[in-house]
>>> print(open('entry.csv').read())   # CSV, C-alpha atoms and all ligand atoms
chain,number,residue,atom,x,y,z
F,3,MET,CA,0.0,0.0,0.0
F,4,GLU,CA,1.0,3.6,-0.4
F,5,ILE,CA,0.8,6.0,2.6
F,6,ARG,CA,0.4,9.7,1.7
F,7,TYR,CA,0.8,12.3,4.4
F,8,HIS,CA,-1.1,15.6,3.9
F,9,GLY,CA,0.0,17.5,7.0
F,10,HIS,CA,-1.7,17.7,10.5
F,11,ALA,CA,-3.3,14.3,11.2
F,12,THR,CA,-4.4,13.7,7.6
F,13,VAL,CA,-3.3,10.4,6.1
F,14,GLU,CA,-4.4,8.8,2.8
F,15,LEU,CA,-3.9,5.1,2.3
F,16,VAL,CA,-4.0,3.7,-1.3
F,17,ILE,CA,-4.7,0.1,-0.9
F,18,GLY,CA,-5.2,-1.6,-4.3
F,19,ASP,CA,-7.6,0.8,-6.0
F,20,ALA,CA,-9.2,2.0,-2.7
F,21,HIS,CA,-8.4,5.4,-1.3
F,22,VAL,CA,-8.8,5.3,2.4
F,23,TRP,CA,-8.6,8.6,4.3
F,24,ILE,CA,-7.9,9.1,8.0
F,25,ASP,CA,-9.1,12.5,9.4
F,26,PRO,CA,-9.3,14.4,6.1
F,27,TYR,CA,-8.5,18.1,6.7
F,28,LEU,CA,-7.4,19.7,3.5
F,29,SER,CA,-9.4,22.9,2.7
F,30,ASP,CA,-8.4,24.8,5.9
F,31,ASN,CA,-5.2,22.9,6.5
F,32,PRO,CA,-2.3,25.3,6.0
F,33,LEU,CA,0.1,22.4,5.4
F,34,ALA,CA,-1.9,20.5,2.8
F,35,LYS,CA,-0.6,20.6,-0.7
F,36,VAL,CA,-3.8,19.2,-2.3
F,37,LYS,CA,-7.4,20.5,-2.1
F,38,ALA,CA,-10.4,18.3,-1.4
F,39,ASP,CA,-11.8,18.6,-4.9
F,40,ALA,CA,-8.6,17.1,-6.4
F,41,VAL,CA,-8.6,13.8,-4.6
F,42,ARG,CA,-10.4,10.5,-4.6
F,43,ALA,CA,-12.0,8.9,-1.6
F,44,ASP,CA,-13.7,5.5,-1.0
F,45,TYR,CA,-13.6,5.3,2.8
F,46,ILE,CA,-13.0,7.9,5.5
F,47,VAL,CA,-12.0,6.9,9.0
F,48,LEU,CA,-12.6,9.6,11.6
F,49,THR,CA,-10.9,9.5,15.0
F,50,HIS,CA,-13.0,12.2,16.6
F,51,GLY,CA,-15.3,15.2,15.8
F,52,HIS,CA,-12.9,18.2,16.0
F,53,SER,CA,-12.9,20.2,12.8
F,54,ASP,CA,-9.2,19.8,12.2
F,55,HIS,CA,-10.0,16.0,11.7
F,56,THR,CA,-13.4,16.1,10.1
F,57,GLY,CA,-13.1,19.3,8.0
F,58,ASP,CA,-13.5,17.7,4.5
F,59,ALA,CA,-15.2,14.5,5.6
F,60,LEU,CA,-18.7,15.4,4.5
F,61,ALA,CA,-17.7,17.0,1.2
F,62,LEU,CA,-15.6,13.9,0.3
F,63,ALA,CA,-18.3,11.5,1.4
F,64,GLU,CA,-20.9,13.4,-0.7
F,65,ARG,CA,-18.7,13.8,-3.8
F,66,HIS,CA,-17.4,10.3,-4.0
F,67,LYS,CA,-20.2,8.4,-2.2
F,68,ALA,CA,-17.4,7.4,0.2
F,69,THR,CA,-18.3,5.7,3.5
F,70,ILE,CA,-17.5,7.4,6.8
F,71,ILE,CA,-16.2,5.0,9.5
F,72,ALA,CA,-16.4,6.3,13.0
F,73,THR,CA,-17.8,5.9,16.5
F,74,PHE,CA,-21.6,5.6,16.7
F,75,GLU,CA,-22.3,9.2,17.6
F,76,LEU,CA,-19.9,10.7,15.1
F,77,ALA,CA,-21.0,8.4,12.3
F,78,SER,CA,-24.7,9.2,13.1
F,79,TYR,CA,-24.0,12.9,13.0
F,80,PHE,CA,-22.7,12.7,9.4
F,81,GLY,CA,-25.3,10.1,8.5
F,82,ALA,CA,-28.0,12.6,9.4
F,83,LYS,CA,-26.4,15.0,7.0
F,84,GLY,CA,-26.7,12.5,4.2
F,85,ALA,CA,-23.3,10.6,4.2
F,86,ASN,CA,-22.9,6.9,3.9
F,87,VAL,CA,-21.7,5.8,7.3
F,88,HIS,CA,-20.5,2.7,9.1
F,89,PRO,CA,-20.9,3.2,12.8
F,90,MET,CA,-18.5,1.3,15.2
F,91,ASN,CA,-17.3,1.7,18.7
F,92,LEU,CA,-14.2,1.2,20.8
F,93,GLY,CA,-12.8,-2.3,20.9
F,94,GLY,CA,-14.7,-3.4,17.8
F,95,ALA,CA,-13.2,-4.4,14.5
F,96,HIS,CA,-14.9,-4.8,11.1
F,97,ARG,CA,-13.6,-6.2,7.9
F,98,PHE,CA,-14.0,-3.8,4.9
F,99,PRO,CA,-13.1,-4.7,1.3
F,100,PHE,CA,-9.7,-2.9,1.7
F,101,GLY,CA,-8.9,-4.4,5.1
F,102,THR,CA,-9.9,-4.4,8.8
F,103,VAL,CA,-10.5,-1.4,10.9
F,104,ARG,CA,-10.5,-1.5,14.7
F,105,LEU,CA,-11.3,1.5,16.9
F,106,VAL,CA,-9.4,1.8,20.1
F,107,GLN,CA,-9.4,4.3,22.9
F,108,ALA,CA,-7.9,7.8,22.8
F,109,PHE,CA,-7.7,10.2,25.8
F,110,HIS,CA,-9.1,13.3,24.3
F,111,SER,CA,-12.6,14.8,23.6
F,112,SER,CA,-14.9,14.7,20.6
F,113,SER,CA,-17.2,17.5,19.5
F,114,LEU,CA,-18.1,19.8,16.7
F,115,ILE,CA,-19.0,23.5,17.0
F,116,GLU,CA,-22.0,24.4,14.9
F,117,GLU,CA,-22.3,27.7,13.1
F,118,ASP,CA,-24.3,29.2,15.9
F,119,GLY,CA,-21.5,28.4,18.4
F,120,ARG,CA,-23.3,25.4,19.9
F,121,ILE,CA,-21.1,22.5,20.9
F,122,VAL,CA,-22.3,19.1,19.8
F,123,TYR,CA,-20.7,16.3,21.7
F,124,LEU,CA,-20.0,13.3,19.7
F,125,GLY,CA,-19.1,10.4,21.9
F,126,MET,CA,-15.7,9.0,22.7
F,127,PRO,CA,-12.6,9.9,20.7
F,128,ALA,CA,-10.7,7.0,19.1
F,129,GLY,CA,-7.6,5.7,17.6
F,130,ALA,CA,-7.7,3.4,14.6
F,131,ILE,CA,-5.9,0.2,13.9
F,132,ILE,CA,-6.0,-0.7,10.2
F,133,GLU,CA,-4.7,-4.0,8.9
F,134,ALA,CA,-4.4,-4.3,5.2
F,135,GLU,CA,-2.1,-6.3,2.8
F,136,GLY,CA,-0.4,-7.8,5.9
F,137,THR,CA,0.6,-4.5,7.4
F,138,VAL,CA,-0.8,-3.2,10.7
F,139,LEU,CA,-1.0,0.6,11.1
F,140,TYR,CA,-2.0,2.5,14.2
F,141,HIS,CA,-3.3,6.0,13.9
F,142,ALA,CA,-3.5,7.3,17.4
F,143,GLY,CA,-5.8,10.2,16.6
F,144,ASP,CA,-5.5,13.0,19.1
F,145,THR,CA,-4.5,11.6,22.5
F,146,ALA,CA,-2.6,11.9,25.7
F,147,LEU,CA,-0.2,9.1,26.5
F,148,PHE,CA,-2.0,6.2,28.1
F,149,GLY,CA,-0.8,3.0,29.7
F,150,ASP,CA,-3.0,0.7,27.5
F,151,MET,CA,-0.8,1.6,24.5
F,152,LYS,CA,1.2,-1.3,25.9
F,153,LEU,CA,-1.9,-3.5,25.4
F,154,ILE,CA,-2.3,-2.2,21.8
F,155,GLY,CA,1.3,-3.1,21.2
F,156,GLU,CA,0.9,-6.5,22.7
F,157,LEU,CA,-2.3,-7.4,21.0
F,158,TYR,CA,-2.1,-5.8,17.6
F,159,ARG,CA,1.7,-5.3,17.0
F,160,PRO,CA,1.5,-2.3,14.8
F,161,ARG,CA,4.4,-2.0,12.3
F,162,ILE,CA,3.7,1.7,11.6
F,163,ALA,CA,2.3,4.2,14.2
F,164,PHE,CA,1.1,7.7,13.4
F,165,LEU,CA,1.6,9.5,16.7
F,166,PRO,CA,0.7,13.1,17.6
F,167,ILE,CA,3.7,15.1,18.9
F,168,GLY,CA,2.3,18.7,18.9
F,169,ASP,CA,1.7,19.0,22.6
F,170,ASN,CA,-0.9,21.4,24.0
F,171,PHE,CA,-3.9,19.5,22.5
F,172,THR,CA,-2.3,16.1,22.5
F,173,MET,CA,0.8,14.4,23.9
F,174,GLY,CA,4.1,16.1,23.1
F,175,PRO,CA,7.3,14.6,21.7
F,176,GLU,CA,8.7,13.2,25.0
F,177,GLU,CA,5.5,11.3,25.6
F,178,ALA,CA,5.3,10.1,22.0
F,179,VAL,CA,8.8,8.5,22.4
F,180,VAL,CA,7.4,6.6,25.4
F,181,ALA,CA,4.3,5.7,23.4
F,182,ALA,CA,6.6,4.3,20.7
F,183,GLU,CA,8.4,2.1,23.3
F,184,TRP,CA,5.0,0.9,24.7
F,185,LEU,CA,3.6,0.1,21.3
F,186,GLY,CA,6.5,-2.3,20.6
F,187,ARG,CA,8.8,0.0,18.7
F,188,PRO,CA,7.0,0.4,15.4
F,189,ARG,CA,8.2,2.7,12.7
F,190,VAL,CA,6.8,6.1,13.9
F,191,ILE,CA,5.4,8.8,11.6
F,192,PRO,CA,4.8,12.0,13.6
F,193,ILE,CA,1.6,13.9,13.0
F,194,HIS,CA,-0.4,16.8,14.5
F,195,TYR,CA,2.5,19.3,14.6
F,196,ASN,CA,3.6,22.6,12.9
F,197,THR,CA,0.1,23.2,11.7
F,198,PHE,CA,-0.5,26.2,14.0
F,199,PRO,CA,2.0,28.2,16.2
F,200,VAL,CA,0.9,26.5,19.4
F,201,ILE,CA,1.9,23.0,18.1
F,202,VAL,CA,5.2,23.8,16.5
F,203,GLN,CA,7.8,21.2,17.3
F,204,ASP,CA,11.4,20.3,16.5
F,205,VAL,CA,10.6,17.1,14.5
F,206,ASP,CA,14.3,16.4,13.8
F,207,ALA,CA,15.0,16.3,17.5
F,208,PHE,CA,12.0,13.9,17.9
F,209,VAL,CA,13.4,11.6,15.2
F,210,ARG,CA,16.9,11.7,16.9
F,211,ASN,CA,15.4,10.8,20.3
F,212,LEU,CA,13.6,7.8,18.7
F,213,LYS,CA,16.9,6.8,17.0
F,214,GLU,CA,18.8,6.8,20.3
F,215,ARG,CA,16.3,4.2,21.5
F,216,GLY,CA,16.7,2.1,18.3
F,217,ILE,CA,13.3,3.2,16.9
F,218,GLU,CA,12.9,4.4,13.4
F,219,GLY,CA,11.1,7.7,13.0
F,220,LEU,CA,10.1,9.0,9.7
F,221,ALA,CA,9.0,12.6,9.4
F,222,LEU,CA,7.0,12.8,6.1
F,223,SER,CA,6.6,16.2,4.6
F,224,PRO,CA,3.0,17.1,3.6
F,225,GLY,CA,2.5,15.6,0.1
F,226,GLU,CA,5.1,12.9,0.6
F,227,SER,CA,4.4,9.2,0.1
F,228,LEU,CA,5.8,6.0,1.5
F,229,SER,CA,5.3,2.5,0.0
F,230,VAL,CA,5.0,-0.3,2.5
O,301,NI,NI,-8.9,17.0,18.6
O,302,MN,MN,-6.6,17.8,16.6
>>> encode(input="entry.csv", output="structure tokens")
Amino acid sequence: MEIRYHGHATVELVIGDAHVWIDPYLSDNPLAKVKADAVRADYIVLTHGHSDHTGDALALAERHKATIIATFELASYFGAKGANVHPMNLGGAHRFPFGTVRLVQAFHSSSLIEEDGRIVYLGMPAGAIIEAEGTVLYHAGDTALFGDMKLIGELYRPRIAFLPIGDNFTMGPEEAVVAAEWLGRPRVIPIHYNTFPVIVQDVDAFVRNLKERGIEGLALSPGESLSV
């Protein structure tokens, strides 16, 4: 499969001819090199409701008849707006044509702010474990460090982990190094940094700190791809 990073937490997986998006945030994403009307989408996995993760989900779902995969509340929210959805919840896995998606916990929150300023709460935030073509990926979503990352490492053995390092809204780089150890030392692709001033991080220092512990870190630039 091909992994394309689009900046912030936005990851596109090309698995066979399926385009699977995780947290599509393109139109308002200052790091993204492509715009939402120039991409293809078949499935959209959402970790939580915040607009920097769901920004283009509805537009992509509508344009491409793509299916949104998310926790029950978040999926239902977009379902009510007309999207095709597949609701799930934490701990559950489902086999899709492109591979298996399992939602796991994240320590964060999940809501969307409506145009009138009203906050709609949308259930639990999640991380996603995606297994396709024999590769296990873990996208942690937005999260603090939590001890059960050890369990995720033990049970699912991710080979690639997308971990937030921005601090402020999520864990920072020091905690992400610990997360990488606890997850069983996968290849780490840092996400959720440098998008806004408050989450600017020294990603080279992060990669060096991983390397000192024998863990491979790979800082993909927005627009960059990796074949695995
Ligand atoms: Ni968030
Ligand atoms: Mn976020």
>>> residues_near_ligand(input="entry.csv", ligand="ligand NI 301 (chain O)", cutoff="10 Å", atoms="only C-alpha atoms and all ligand atoms", output="mmCIF file with C-alpha atoms, in the frame of the given file")
data_model
loop_
_atom_site.group_PDB
_atom_site.id
_atom_site.type_symbol
_atom_site.label_atom_id
_atom_site.label_comp_id
_atom_site.auth_asym_id
_atom_site.auth_seq_id
_atom_site.Cartn_x
_atom_site.Cartn_y
_atom_site.Cartn_z
ATOM 1 C CA ALA F 11 -3.300 14.300 11.200
ATOM 2 C CA THR F 49 -10.900 9.500 15.000
ATOM 3 C CA HIS F 50 -13.000 12.200 16.600
ATOM 4 C CA GLY F 51 -15.300 15.200 15.800
ATOM 5 C CA HIS F 52 -12.900 18.200 16.000
ATOM 6 C CA SER F 53 -12.900 20.200 12.800
ATOM 7 C CA ASP F 54 -9.200 19.800 12.200
ATOM 8 C CA HIS F 55 -10.000 16.000 11.700
ATOM 9 C CA THR F 56 -13.400 16.100 10.100
ATOM 10 C CA PHE F 109 -7.700 10.200 25.800
ATOM 11 C CA HIS F 110 -9.100 13.300 24.300
ATOM 12 C CA SER F 111 -12.600 14.800 23.600
ATOM 13 C CA SER F 112 -14.900 14.700 20.600
ATOM 14 C CA SER F 113 -17.200 17.500 19.500
ATOM 15 C CA LEU F 114 -18.100 19.800 16.700
ATOM 16 C CA PRO F 127 -12.600 9.900 20.700
ATOM 17 C CA GLY F 143 -5.800 10.200 16.600
ATOM 18 C CA ASP F 144 -5.500 13.000 19.100
ATOM 19 C CA THR F 145 -4.500 11.600 22.500
ATOM 20 C CA PHE F 171 -3.900 19.500 22.500
ATOM 21 C CA THR F 172 -2.300 16.100 22.500
ATOM 22 C CA HIS F 194 -0.400 16.800 14.500
#
>>> atom_distance(input="entry.csv", atom1="CA of Gly219 in chain F", atom2="CA of Lys152 in chain F")
18.6 Å
>>> closest_residue(input="entry.csv", among="F:Glu214, F:Glu156, F:Asp169, F:Glu183", to="Phe198 in chain F", atoms="all atoms listed in the file")
F:Asp169
>>> closest_residue(input="entry.csv", among="F:His10, F:Arg120, F:Arg104, F:Arg159", to="ligand MN 302 (chain O)", atoms="all atoms listed in the file")
F:His10
>>> atom_distance(input="entry.csv", atom1="CA of Glu117 in chain F", atom2="CA of Gly57 in chain F")
13.5 Å
>>> atom_distance(input="entry.csv", atom1="CA of Asn86 in chain F", atom2="CA of Asp44 in chain F")
10.5 Å
>>> residues_near_point(input="entry.csv", point="(0.1, 1.4, 4.6)", cutoff="9 Å", atoms="only C-alpha atoms", output="list in words")
Met3, Glu4, Ile5, Arg6, Glu14, Leu15, Val16, Ile17, Ile132, Glu133, Ala134, Glu135, Thr137, Val138, Leu139, Ile162, Leu228, Ser229 and Val230 of chain F
>>> residues_around(input="entry.csv", residues="Pro89 in chain F", least_positions_apart="4", cutoff="9 Å", atoms="all atoms listed in the file", output="PDB file with C-alpha atoms, in the coordinates of the input")
ATOM      1  CA  ILE F  70     -17.500   7.400   6.800  1.00  0.00           C
ATOM      2  CA  ILE F  71     -16.200   5.000   9.500  1.00  0.00           C
ATOM      3  CA  ALA F  72     -16.400   6.300  13.000  1.00  0.00           C
ATOM      4  CA  THR F  73     -17.800   5.900  16.500  1.00  0.00           C
ATOM      5  CA  PHE F  74     -21.600   5.600  16.700  1.00  0.00           C
ATOM      6  CA  GLU F  75     -22.300   9.200  17.600  1.00  0.00           C
ATOM      7  CA  LEU F  76     -19.900  10.700  15.100  1.00  0.00           C
ATOM      8  CA  ALA F  77     -21.000   8.400  12.300  1.00  0.00           C
ATOM      9  CA  SER F  78     -24.700   9.200  13.100  1.00  0.00           C
TER      10      SER F  78
END
>>> residues_around(input="entry.csv", residues="Met151 in chain F", least_positions_apart="3", cutoff="9 Å", atoms="only C-alpha atoms", output="list in words")
Leu147, Phe148, Ile154, Gly155, Glu156, Ala181, Ala182, Trp184 and Leu185 of chain F
>>> closest_residue(input="entry.csv", among="F:Ala207, F:Ile201, F:Val180, F:Ala61", to="ligand MN 302 (chain O)", atoms="all atoms listed in the file")
F:Ile201
>>> closest_residue(input="entry.csv", among="F:Val22, F:Ala85, F:Met126, F:Met173", to="ligand MN 302 (chain O)", atoms="all atoms listed in the file")
F:Met173
>>> closest_residue(input="entry.csv", among="F:Gly168, F:Gly93, F:Pro192, F:Gly174", to="Ile131 in chain F", atoms="only C-alpha atoms")
F:Gly93
>>> residues_around(input="entry.csv", residues="range 222-225 of chain F", least_positions_apart="2", cutoff="8 Å", atoms="all atoms listed in the file", output="PyMOL selection string")
chain F and resi 6-9+33-36+191-192+220+227
>>> closest_residue(input="entry.csv", among="F:Leu28, F:Val106, F:Ala178, F:Ile193", to="ligand MN 302 (chain O)", atoms="all atoms listed in the file")
F:Ile193
